[in-house]
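**Student:** As input, take run.cif (mmCIF, C-alpha atoms):
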data_data
loop_
_atom_site.label_atom_id
_atom_site.label_comp_id
_atom_site.auth_asym_id
_atom_site.auth_seq_id
_atom_site.Cartn_x
_atom_site.Cartn_y
_atom_site.Cartn_z
CA MET A 1 -14.95 51.43 -78.20
CA LEU A 2 -13.18 48.24 -79.00
CA GLU A 3 -11.33 48.38 -75.73
CA ILE A 4 -14.59 48.73 -73.80
CA ASP A 5 -16.11 45.76 -75.56
CA LYS A 6 -13.14 43.64 -74.66
CA ARG A 7 -13.44 44.68 -71.05
CA GLU A 8 -17.14 43.81 -71.09
CA SER A 9 -16.43 40.47 -72.63
CA VAL A 10 -14.24 39.71 -69.66
CA THR A 11 -16.30 41.15 -66.82
CA GLY A 12 -19.75 41.83 -68.19
CA SER A 13 -20.96 38.26 -68.49
CA SER A 14 -22.76 36.81 -65.45
CA ASN A 15 -21.20 33.40 -66.04
CA THR A 16 -17.65 34.72 -65.84
CA GLN A 17 -15.70 33.32 -62.83
CA PRO A 18 -14.23 35.97 -60.43
CA ILE A 19 -10.54 36.50 -60.73
CA HIS A 20 -8.63 35.85 -57.44
CA LYS A 21 -5.53 37.89 -57.13
CA GLU A 22 -2.79 36.47 -54.91
CA LEU A 23 -1.02 38.78 -52.48
CA SER A 24 2.68 39.02 -53.19
CA LEU A 25 5.37 39.27 -50.54
CA LYS A 26 6.11 42.85 -51.52
CA GLU A 27 2.48 43.87 -51.14
CA PHE A 28 2.28 42.10 -47.78
CA LEU A 29 5.36 43.98 -46.55
CA LEU A 30 3.90 47.26 -47.74
CA ILE A 31 0.67 46.59 -45.85
CA PHE A 32 2.64 45.61 -42.73
CA ILE A 33 4.76 48.78 -42.92
CA ASN A 34 1.63 50.85 -43.41
CA TYR A 35 -0.02 49.50 -40.27
CA PHE A 36 3.24 49.70 -38.33
CA ASN A 37 3.57 53.37 -39.21
CA TYR A 38 -0.05 53.86 -38.19
CA LEU A 39 0.58 52.33 -34.76
CA ARG A 40 3.79 54.29 -34.40
CA GLY A 41 1.79 57.44 -34.93
CA LYS A 42 -0.45 56.34 -32.06
CA TRP A 43 2.45 55.78 -29.65
CA LYS A 44 1.09 58.20 -27.08
CA THR A 45 -2.20 56.33 -26.90
CA LEU A 46 -0.41 52.99 -26.67
CA LEU A 47 1.88 54.36 -23.95
CA VAL A 48 -1.16 55.38 -21.91
CA PHE A 49 -2.61 51.87 -22.20
CA CYS A 50 0.75 50.32 -21.24
CA PHE A 51 0.95 52.60 -18.21
CA ILE A 52 -2.57 51.65 -17.14
CA GLY A 53 -1.70 47.95 -17.58
CA ALA A 54 1.46 48.38 -15.49
CA VAL A 55 -0.55 50.05 -12.70
CA ILE A 56 -3.10 47.24 -12.77
CA GLY A 57 -0.31 44.65 -12.64
CA PHE A 58 1.38 46.43 -9.73
CA TYR A 59 -1.88 46.60 -7.77
CA TYR A 60 -2.58 42.92 -8.44
CA ALA A 61 0.87 41.92 -7.19
CA TYR A 62 0.54 44.23 -4.17
CA GLN A 63 -2.79 42.83 -2.97
CA LYS A 64 -1.96 39.23 -3.92
CA GLN A 65 -1.28 37.23 -0.77
CA PRO A 66 1.89 35.10 -0.65
CA ILE A 67 1.59 31.34 -0.99
CA TYR A 68 3.20 29.19 1.71
CA THR A 69 4.41 25.70 0.81
CA ALA A 70 4.60 22.85 3.33
CA THR A 71 6.22 19.65 2.08
CA THR A 72 6.61 16.24 3.68
CA THR A 73 8.82 13.61 2.09
CA PHE A 74 8.78 10.01 3.28
CA VAL A 75 10.00 6.65 2.05
CA LEU A 76 7.70 3.65 1.84
CA GLU A 77 9.27 0.20 2.14
CA ASP A 78 6.72 -2.51 1.39
CA ASP A 79 8.03 -6.00 2.29
CA LYS A 80 6.39 -9.17 1.01
CA PRO A 81 6.31 -12.42 3.02
CA SER A 82 8.52 -15.02 1.42
CA GLY A 83 11.16 -17.61 2.11
CA MET A 84 10.89 -19.43 5.44
CA LEU A 85 7.45 -17.99 6.18
CA GLY A 86 6.04 -19.48 2.98
CA GLN A 87 7.51 -22.90 3.85
CA TYR A 88 5.81 -23.00 7.25
CA SER A 89 2.49 -21.55 6.10
CA SER A 90 1.16 -25.09 5.47
CA ILE A 91 1.55 -25.87 9.19
CA ALA A 92 -0.73 -22.99 10.12
CA ALA A 93 -3.17 -23.99 7.38
CA MET A 94 -3.78 -27.27 9.25
CA ALA A 95 -5.23 -25.18 12.08
CA GLY A 96 -7.32 -23.13 9.65
CA ILE A 97 -5.17 -20.01 10.00
CA ASP A 98 -3.63 -18.05 7.13
CA VAL A 99 -0.39 -16.67 8.58
CA VAL A 100 0.85 -15.38 5.22
CA GLY A 101 -1.91 -12.82 5.00
CA ASN A 102 -2.81 -10.61 2.08
CA THR A 103 0.31 -9.77 0.10
CA GLY A 104 -1.49 -8.07 -2.74
CA GLY A 105 -4.79 -6.36 -3.37
CA ILE A 106 -5.66 -2.71 -3.57
CA PHE A 107 -3.47 -1.60 -0.65
CA GLN A 108 -0.09 -1.87 -2.27
CA GLY A 109 2.59 0.79 -2.01
CA GLU A 110 1.69 2.56 -5.26
CA ASN A 111 -1.92 3.10 -4.24
CA ILE A 112 -1.11 5.09 -1.12
CA ILE A 113 -0.97 8.15 -3.38
CA GLN A 114 -4.63 7.65 -4.33
CA LEU A 115 -5.62 7.63 -0.67
CA TYR A 116 -4.43 11.22 -0.30
CA THR A 117 -7.09 12.43 -2.76
CA SER A 118 -10.00 10.48 -1.23
CA ARG A 119 -12.78 12.38 0.49
CA THR A 120 -12.65 10.20 3.62
CA MET A 121 -8.98 10.90 4.30
CA ILE A 122 -9.22 14.65 3.64
CA GLU A 123 -12.33 14.93 5.82
CA LYS A 124 -10.58 13.17 8.70
CA ALA A 125 -7.64 15.54 8.34
CA LEU A 126 -9.94 18.59 8.26
CA LEU A 127 -11.79 17.42 11.37
CA SER A 128 -8.59 17.28 13.42
CA TYR A 129 -7.66 20.06 15.82
CA THR A 130 -4.93 22.67 15.53
CA SER A 131 -3.66 25.07 18.18
CA ASP A 132 -3.82 28.78 17.36
CA HIS A 133 -2.19 30.83 20.16
CA GLY A 134 -3.42 28.34 22.73
CA ARG A 135 -6.93 28.14 21.22
CA GLN A 136 -8.06 24.76 19.88
CA GLN A 137 -9.60 25.02 16.43
CA LEU A 138 -10.70 22.54 13.78
CA LEU A 139 -8.80 22.71 10.51
CA ILE A 140 -12.08 22.97 8.60
CA ASP A 141 -12.94 26.13 10.56
CA ARG A 142 -9.55 27.63 9.75
CA PHE A 143 -10.03 26.70 6.09
CA LEU A 144 -13.38 28.53 6.01
CA GLU A 145 -11.68 31.60 7.47
CA ILE A 146 -8.91 31.48 4.85
CA GLU A 147 -11.45 31.31 2.04
CA ASP A 148 -13.51 34.15 3.66
CA LEU A 149 -16.59 31.94 3.47
CA ARG A 150 -17.91 32.86 6.91
CA LYS A 151 -17.87 36.55 5.92
CA ASN A 152 -19.92 35.72 2.84
CA TRP A 153 -22.35 33.76 5.02
CA ALA A 154 -22.87 36.61 7.49
CA SER A 155 -26.32 37.36 6.04
CA GLU A 156 -27.44 33.73 6.43
CA PRO A 157 -27.66 32.71 10.10
CA ARG A 158 -28.01 29.05 9.17
CA LEU A 159 -24.53 29.08 7.60
CA SER A 160 -22.73 31.68 9.70
CA THR A 161 -23.30 29.71 12.91
CA ILE A 162 -22.56 26.25 11.47
CA ASN A 163 -20.38 24.08 13.70
CA PHE A 164 -18.42 20.93 12.86
CA ASN A 165 -17.83 19.74 16.41
CA ARG A 166 -19.61 16.43 16.94
CA LYS A 167 -19.63 13.30 19.03
CA SER A 168 -18.19 10.05 17.70
CA ASP A 169 -21.63 8.57 16.91
CA GLN A 170 -23.18 11.78 15.57
CA GLN A 171 -23.88 12.22 11.87
CA PHE A 172 -23.38 15.46 9.95
CA SER A 173 -26.32 17.27 8.41
CA ARG A 174 -26.81 17.70 4.67
CA ILE A 175 -25.44 21.26 4.79
CA GLN A 176 -22.35 20.19 6.72
CA ASP A 177 -21.66 17.35 4.27
CA SER A 178 -22.10 19.76 1.36
CA ILE A 179 -19.59 22.23 2.85
CA LEU A 180 -17.10 19.44 3.54
CA GLY A 181 -17.53 18.18 -0.02
CA LYS A 182 -16.76 21.61 -1.47
CA ALA A 183 -13.77 21.94 0.84
CA VAL A 184 -12.42 18.56 -0.28
CA GLU A 185 -12.86 19.53 -3.94
CA THR A 186 -11.05 22.84 -3.45
CA LEU A 187 -8.21 21.25 -1.51
CA ASN A 188 -7.69 18.62 -4.20
CA LYS A 189 -7.57 21.23 -6.97
CA GLU A 190 -5.67 24.12 -5.38
CA TYR A 191 -4.01 23.08 -2.11
CA LEU A 192 -2.93 19.43 -2.03
CA PHE A 193 -0.40 17.87 -4.40
CA VAL A 194 0.98 14.33 -4.02
CA ALA A 195 3.66 12.93 -6.31
CA LYS A 196 6.37 10.34 -6.60
CA PRO A 197 9.43 12.23 -7.87
CA ASP A 198 11.25 9.08 -8.97
CA LYS A 199 9.26 6.06 -10.15
CA LYS A 200 12.15 3.72 -9.31
CA ILE A 201 12.43 4.86 -5.69
CA GLY A 202 9.67 4.53 -3.09
CA ILE A 203 9.87 8.20 -2.03
CA ILE A 204 6.57 10.07 -1.87
CA GLN A 205 6.25 13.85 -1.64
CA VAL A 206 3.17 15.51 -0.14
CA THR A 207 2.88 19.27 -0.73
CA VAL A 208 0.29 21.71 0.60
CA ASN A 209 0.10 25.27 -0.78
CA ALA A 210 -1.98 27.78 1.18
CA LYS A 211 -2.29 31.49 1.88
CA ASP A 212 -2.10 30.78 5.62
CA GLU A 213 1.26 29.52 6.89
CA GLN A 214 -0.09 27.67 9.92
CA PHE A 215 -2.86 25.97 7.96
CA ALA A 216 -0.37 24.78 5.32
CA LYS A 217 1.85 23.17 7.96
CA ASP A 218 -0.90 21.73 10.16
CA PHE A 219 -2.96 20.32 7.29
CA ASN A 220 0.15 18.78 5.73
CA GLU A 221 1.03 17.02 8.98
CA SER A 222 -2.58 15.96 9.58
CA ILE A 223 -3.16 14.46 6.11
CA VAL A 224 0.16 12.60 6.19
CA LYS A 225 -0.56 11.14 9.63
CA THR A 226 -4.16 10.22 8.71
CA VAL A 227 -3.35 8.48 5.42
CA ASN A 228 -0.21 6.69 6.61
CA THR A 229 -1.95 5.39 9.74
CA PHE A 230 -4.93 4.17 7.71
CA PHE A 231 -2.59 2.53 5.18
CA VAL A 232 -0.65 0.64 7.85
CA GLN A 233 -3.80 -0.42 9.73
CA THR A 234 -5.44 -1.69 6.55
CA ARG A 235 -2.38 -3.59 5.36
CA THR A 236 -1.97 -5.30 8.75
CA LYS A 237 -5.65 -5.81 9.59
CA LYS A 238 -5.81 -9.44 8.44
CA ALA A 239 -2.54 -10.38 10.15
CA ILE A 240 -3.74 -8.79 13.41
CA GLU A 241 -7.00 -10.73 13.20
CA ASN A 242 -5.02 -13.97 12.67
CA ILE A 243 -2.91 -13.25 15.74
CA ALA A 244 -6.02 -12.50 17.81
CA ILE A 245 -7.61 -15.83 16.80
CA LEU A 246 -4.45 -17.81 17.47
CA GLN A 247 -3.88 -16.04 20.78
CA HIS A 248 -7.46 -16.82 21.88
CA GLN A 249 -7.09 -20.48 20.89
CA THR A 250 -3.73 -20.75 22.64
CA ASP A 251 -5.05 -19.20 25.84
CA SER A 252 -8.14 -21.42 25.78
CA VAL A 253 -6.15 -24.65 25.27
CA LYS A 254 -3.63 -23.63 27.92
CA ALA A 255 -6.45 -22.93 30.41
CA VAL A 256 -8.06 -26.33 29.71
CA MET A 257 -4.70 -28.11 30.04
CA ASN A 258 -3.91 -26.38 33.33
CA GLY A 259 -7.37 -27.27 34.60
CA ALA A 260 -6.91 -30.93 33.69
CA ILE A 261 -3.51 -31.04 35.44
CA PHE A 262 -4.99 -29.41 38.56
CA GLN A 263 -7.96 -31.81 38.65
CA SER A 264 -5.70 -34.83 38.17
CA ALA A 265 -3.57 -33.72 41.11
CA GLN A 266 -6.70 -33.03 43.15
CA VAL A 267 -8.07 -36.54 42.56
CA SER A 268 -4.70 -38.08 43.42
CA ASP A 269 -4.59 -36.14 46.67
CA ALA A 270 -8.12 -37.28 47.50
CA THR A 271 -7.07 -40.96 47.29
CA PRO A 272 -3.54 -41.10 48.74
CA ASN A 273 -3.67 -44.82 49.59
CA LEU A 274 -5.24 -46.16 46.43
CA ASN A 275 -6.08 -49.90 46.52
CA PRO A 276 -4.18 -51.57 43.65
CA ALA A 277 -6.95 -54.14 43.33
CA ARG A 278 -9.53 -51.53 42.46
CA GLN A 279 -8.51 -50.08 39.02
CA ILE A 280 -11.78 -48.19 38.63
CA LEU A 281 -10.48 -45.67 41.12
CA ARG A 282 -7.67 -44.81 38.70
CA ALA A 283 -10.08 -43.86 35.89
CA PRO A 284 -10.64 -40.19 36.93
CA VAL A 285 -6.91 -39.60 37.28
CA GLN A 286 -6.19 -41.19 33.91
CA ARG A 287 -8.97 -39.20 32.23
CA PHE A 288 -7.60 -35.90 33.50
CA GLN A 289 -4.08 -36.91 32.55
CA TYR A 290 -5.25 -37.81 29.03
CA ASN A 291 -6.98 -34.44 28.67
CA ALA A 292 -3.82 -32.68 29.83
CA GLU A 293 -1.64 -34.62 27.35
CA ALA A 294 -4.08 -34.00 24.47
CA ASN A 295 -4.22 -30.26 25.14
CA LYS A 296 -0.45 -30.21 25.52
CA ALA A 297 -0.10 -31.72 22.02
CA ILE A 298 -2.50 -29.10 20.60
CA LEU A 299 -0.63 -26.36 22.40
CA THR A 300 2.67 -27.46 20.87
CA GLN A 301 1.12 -26.80 17.43
CA LEU A 302 -0.59 -23.53 18.31
CA ILE A 303 2.46 -21.83 19.82
CA PRO A 304 4.61 -22.14 16.63
CA ASN A 305 1.62 -20.97 14.57
CA LEU A 306 1.22 -17.96 16.85
CA GLU A 307 4.88 -17.07 16.45
CA LEU A 308 4.61 -17.47 12.66
CA ALA A 309 1.59 -15.16 12.67
CA LYS A 310 3.60 -12.55 14.58
CA ILE A 311 6.37 -12.87 11.99
CA SER A 312 3.73 -12.38 9.29
CA LEU A 313 2.51 -9.23 11.02
CA ARG A 314 6.02 -7.79 11.09
CA LYS A 315 6.46 -8.54 7.40
CA GLU A 316 3.02 -7.23 6.48
CA THR A 317 3.66 -3.93 8.27
CA PRO A 318 5.05 -1.44 5.73
CA LEU A 319 7.85 0.79 6.91
CA ILE A 320 7.02 4.48 6.51
CA GLN A 321 9.98 6.67 7.41
CA ILE A 322 9.69 10.46 7.34
CA ILE A 323 12.65 12.06 5.58
CA ASP A 324 11.68 15.75 5.55
CA GLU A 325 8.78 17.47 7.27
CA PRO A 326 7.59 21.10 7.22
CA VAL A 327 9.25 23.48 9.68
CA TYR A 328 8.79 27.20 10.25
CA PRO A 329 9.38 29.43 8.40
CA LEU A 330 7.78 27.79 5.37
CA THR A 331 8.84 28.52 1.83
CA LYS A 332 6.98 31.64 0.66
CA LYS A 333 6.16 32.45 -2.96
CA LYS A 334 5.33 36.08 -3.66
CA LEU A 335 4.40 37.46 -7.07
CA SER A 336 7.08 39.89 -8.28
CA LYS A 337 5.75 43.43 -8.68
CA LEU A 338 8.14 44.15 -11.57
CA ILE A 339 7.14 41.07 -13.52
CA SER A 340 3.47 41.79 -12.82
CA CYS A 341 3.91 45.36 -14.13
CA LEU A 342 5.56 44.10 -17.33
CA ILE A 343 2.88 41.49 -17.92
CA GLY A 344 0.11 44.04 -17.35
CA ALA A 345 1.73 46.58 -19.69
CA ILE A 346 2.26 43.98 -22.43
CA LEU A 347 -1.25 42.57 -22.18
CA LEU A 348 -3.12 45.87 -22.12
CA GLY A 349 -0.82 47.63 -24.59
CA GLY A 350 -0.87 44.67 -26.96
CA GLY A 351 -4.64 44.40 -26.69
CA ALA A 352 -5.01 48.11 -27.48
CA ALA A 353 -2.73 47.76 -30.52
CA ILE A 354 -4.76 44.81 -31.81
CA MET A 355 -8.05 46.68 -31.36
CA MET A 356 -6.72 49.80 -33.13
CA THR A 357 -5.41 47.69 -36.01
CA PHE A 358 -8.74 45.85 -36.30
CA ARG A 359 -10.68 49.12 -36.38
CA ARG A 360 -8.45 50.54 -39.15
CA LEU A 361 -8.76 47.31 -41.13
CA SER A 362 -12.55 47.30 -40.74
CA SER A 363 -12.77 50.93 -41.94
CA ALA A 364 -10.58 50.12 -44.97
CA VAL A 365 -12.81 47.18 -45.93
CA ILE A 366 -16.04 49.18 -45.52
CA ASN A 367 -14.76 52.17 -47.55
CA SER A 368 -13.34 50.03 -50.36
#
As structure tokens, please, write out the structure in this file.
**Tutor:**
Amino acid sequence: MLEIDKRESVTGSSNTQPIHKELSLKEFLLIFINYFNYLRGKWKTLLVFCFIGAVIGFYYAYQKQPIYTATTTFVLEDDKPSGMLGQYSSIAAMAGIDVVGNTGGIFQGENIIQLYTSRTMIEKALLSYTSDHGRQQLLIDRFLEIEDLRKNWASEPRLSTINFNRKSDQQFSRIQDSILGKAVETLNKEYLFVAKPDKKIGIIQVTVNAKDEQFAKDFNESIVKTVNTFFVQTRTKKAIENIAILQHQTDSVKAVMNGAIFQSAQVSDATPNLNPARQILRAPVQRFQYNAEANKAILTQLIPNLELAKISLRKETPLIQIIDEPVYPLTKKKLSKLISCLIGAILLGGGAAIMMTFRRLSSAVINS
């Protein structure tokens, strides 16, 4: 009776705090061994799950298409105008011409990598043609075939018959722009990878991974050509405009000077026996000679400026030299059937073991 009262004094009161019992290492090991023995007794069931997982892994590897990799590596040398060109730039400034050009801005060598991910560049590459057994085909059409999108659109005539061929001044429809936008997004995420392996060296690597070998190679070549051409044209646009202005001014002054020389000679021929007493007759000849001399002086300034502008264009033009380009056969990556079987067996067998352990633990908690 006394013993019961003591027990009640400990547990019978509603204000008594619950006693938390810590799990010792020995008890934890005993529980672990208990569940291990339980799973070992279920080895046949686990083996069935592992076998099913291995079959699933084998089938996945069997039906998984290989991935072809096309890689282009090129070096970008980006010269900056300096030295002698900077010393003579003040001469061209007197004529209102900037021969030095734009040596900075957004189109520097590092930013060429960002151009590869832009929608405009990828769209231009997709709208270029490729030859498939003598048949000309747009890369966007081949991309839709690879992704099996046209098969999925077979029930919708508006999509199944969509065409991306257009004239230079023709605009795409909303549906065409939407499809191109999705294609660009997919290519940026899964197909196209641009990197600079070494930050200290101006070598850029462009890689395209695709399930179709020809698409991987053709799209790689197309995107490299599109971006590099755009990069060079943009970097040299201002220098080319300067040359065009200087060339036009030079040609105009030269034409005026030649005209003045011709007219002066024409007037002299018209009055072969000029009377020395009448100086007024010399005025037309002198005027044309003055115009010829003035234009000659201007021409002597424009020609050096034109040559300096051409030097500026050569220095503004970045050198892009291809080192390696994709050639057939491309590198092929195929998922190993053995590794896929092991991964499937481990995942499904491990998942079954976890579920069986959880069920046993839940039953133990409910029955306690």
**Student:** Taking only C-alpha atoms into account, which of A:Ala154, A:Ala255, A:Ile320, A:Leu335 comes nearest Thr73 in chain A?
**Tutor:**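 Going through A:Ala154, A:Ala255, A:Ile320, A:Leu335 one by one, the smallest distance to Thr73 in chain A is for A:Ile320.
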**Student:** Which neighbours of range 321-324 of chain A fall inside 12 Å, counting all atoms listed in the file, when residues of the same chain fewer than 2 positions from it are skipped, and could you give them as a compact mmCIF listing (two decimals) with C-alpha atoms, keeping the file's coordinate frame?
**Tutor:**
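The result, written out as around35.txt:
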# COMPACT_ATOMS: atom_id res chain seq x y z
CA ALA A 70 4.60 22.85 3.33
CA THR A 71 6.22 19.65 2.08
CA THR A 72 6.61 16.24 3.68
CA THR A 73 8.82 13.61 2.09
CA PHE A 74 8.78 10.01 3.28
CA VAL A 75 10.00 6.65 2.05
CA LEU A 76 7.70 3.65 1.84
CA GLU A 77 9.27 0.20 2.14
CA ASP A 78 6.72 -2.51 1.39
CA GLY A 202 9.67 4.53 -3.09
CA ILE A 203 9.87 8.20 -2.03
CA ILE A 204 6.57 10.07 -1.87
CA GLN A 205 6.25 13.85 -1.64
CA VAL A 206 3.17 15.51 -0.14
CA THR A 207 2.88 19.27 -0.73
CA ASN A 220 0.15 18.78 5.73
CA GLU A 221 1.03 17.02 8.98
CA VAL A 224 0.16 12.60 6.19
CA LYS A 225 -0.56 11.14 9.63
CA ASN A 228 -0.21 6.69 6.61
CA PRO A 318 5.05 -1.44 5.73
CA LEU A 319 7.85 0.79 6.91
CA PRO A 326 7.59 21.10 7.22
CA VAL A 327 9.25 23.48 9.68
**Student:** Any chance you could resolve the PyMOL selection byres ((chain A and resi 290-296) around 7) against this file and give the residues as a PyMOL selection string?
**Tutor:** chain A and resi 253+257+260-261+286-289+297-300
**Student:** Report the distance between CA of Tyr191 in chain A and CA of Gln137 in chain A in Å, rounded to one decimal place.
**Tutor:**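 Value for the CA of Tyr191 in chain A-CA of Gln137 in chain A distance: 19.5 Å.
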**Student:** Give me, as a list of chain:residue names, all polymer residues having an atom no more than 7 Å from range 37-50 of chain A, counting all atoms listed in the file and skipping those fewer than 6 positions away in the same chain.
**Tutor:**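 The neighbour list is A:Ala345, A:Ile346, A:Leu348, A:Gly349, A:Ala352, A:Ala353.
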**Student:** What does the distance from CA of Ala210 in chain A to CA of Asp148 in chain A come to in Å, to one decimal?
**Tutor:**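 Computed distance, CA of Ala210 in chain A to CA of Asp148 in chain A, equals 13.4 Å.
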**Student:** Taking 4 positions as the minimum chain separation for residues in the same chain, which residues sit within 12 Å of Leu361 in chain A when counting all atoms listed in the file? Answer as a PyMOL selection string.
**Tutor:** chain A and resi 31-32+34-35+38+354-357+365-368
**Student:** Around all of range 131-136 of chain A's listed atoms, make the axis-aligned box with 4 Å on each side and tell me centre and edge lengths in Å to one decimal, as AutoDock Vina command-line options.
**Tutor:**
--center_x -5.1 --center_y 27.8 --center_z 20.0 --size_x 13.9 --size_y 14.1 --size_z 13.4
**Student:** Mind pulling up the distance from CA of Phe219 in chain A to CA of Gln176 in chain A?
**Tutor:**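 For CA of Gln176 in chain A relative to CA of Phe219 in chain A, the distance reads 19.4 Å.
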**Student:** Could you tell me which residues the PyMOL selection byres ((chain A and resi 344) around 12) returns for this structure, as a PDB file with C-alpha atoms, in the frame of the given file?
**Tutor:**
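out_20.pdb written:
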ATOM      1  CA  PHE A  49      -2.610  51.870 -22.200  1.00  0.00           C
ATOM      2  CA  CYS A  50       0.750  50.320 -21.240  1.00  0.00           C
ATOM      3  CA  PHE A  51       0.950  52.600 -18.210  1.00  0.00           C
ATOM      4  CA  ILE A  52      -2.570  51.650 -17.140  1.00  0.00           C
ATOM      5  CA  GLY A  53      -1.700  47.950 -17.580  1.00  0.00           C
ATOM      6  CA  ALA A  54       1.460  48.380 -15.490  1.00  0.00           C
ATOM      7  CA  VAL A  55      -0.550  50.050 -12.700  1.00  0.00           C
ATOM      8  CA  ILE A  56      -3.100  47.240 -12.770  1.00  0.00           C
ATOM      9  CA  GLY A  57      -0.310  44.650 -12.640  1.00  0.00           C
ATOM     10  CA  PHE A  58       1.380  46.430  -9.730  1.00  0.00           C
ATOM     11  CA  TYR A  59      -1.880  46.600  -7.770  1.00  0.00           C
ATOM     12  CA  TYR A  60      -2.580  42.920  -8.440  1.00  0.00           C
ATOM     13  CA  ALA A  61       0.870  41.920  -7.190  1.00  0.00           C
ATOM     14  CA  LYS A 337       5.750  43.430  -8.680  1.00  0.00           C
ATOM     15  CA  LEU A 338       8.140  44.150 -11.570  1.00  0.00           C
ATOM     16  CA  ILE A 339       7.140  41.070 -13.520  1.00  0.00           C
ATOM     17  CA  SER A 340       3.470  41.790 -12.820  1.00  0.00           C
ATOM     18  CA  CYS A 341       3.910  45.360 -14.130  1.00  0.00           C
ATOM     19  CA  LEU A 342       5.560  44.100 -17.330  1.00  0.00           C
ATOM     20  CA  ILE A 343       2.880  41.490 -17.920  1.00  0.00           C
ATOM     21  CA  ALA A 345       1.730  46.580 -19.690  1.00  0.00           C
ATOM     22  CA  ILE A 346       2.260  43.980 -22.430  1.00  0.00           C
ATOM     23  CA  LEU A 347      -1.250  42.570 -22.180  1.00  0.00           C
ATOM     24  CA  LEU A 348      -3.120  45.870 -22.120  1.00  0.00           C
ATOM     25  CA  GLY A 349      -0.820  47.630 -24.590  1.00  0.00           C
ATOM     26  CA  GLY A 350      -0.870  44.670 -26.960  1.00  0.00           C
ATOM     27  CA  GLY A 351      -4.640  44.400 -26.690  1.00  0.00           C
TER      28      GLY A 351
END
**Student:** So, with all atoms listed in the file as the atoms that count, which of A:Arg235, A:Arg359, A:Arg142, A:Lys310 lies closest to Phe215 in chain A?
**Tutor:**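 Closest to Phe215 in chain A, using all atoms listed in the file: A:Arg142.
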**Student:** Between A:Lys332, A:Arg314, A:Ala239, A:Val184, which one has atoms that come closest to Lys124 in chain A, using all atoms listed in the file?
**Tutor:**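 The answer is A:Val184, which sits nearest to Lys124 in chain A.
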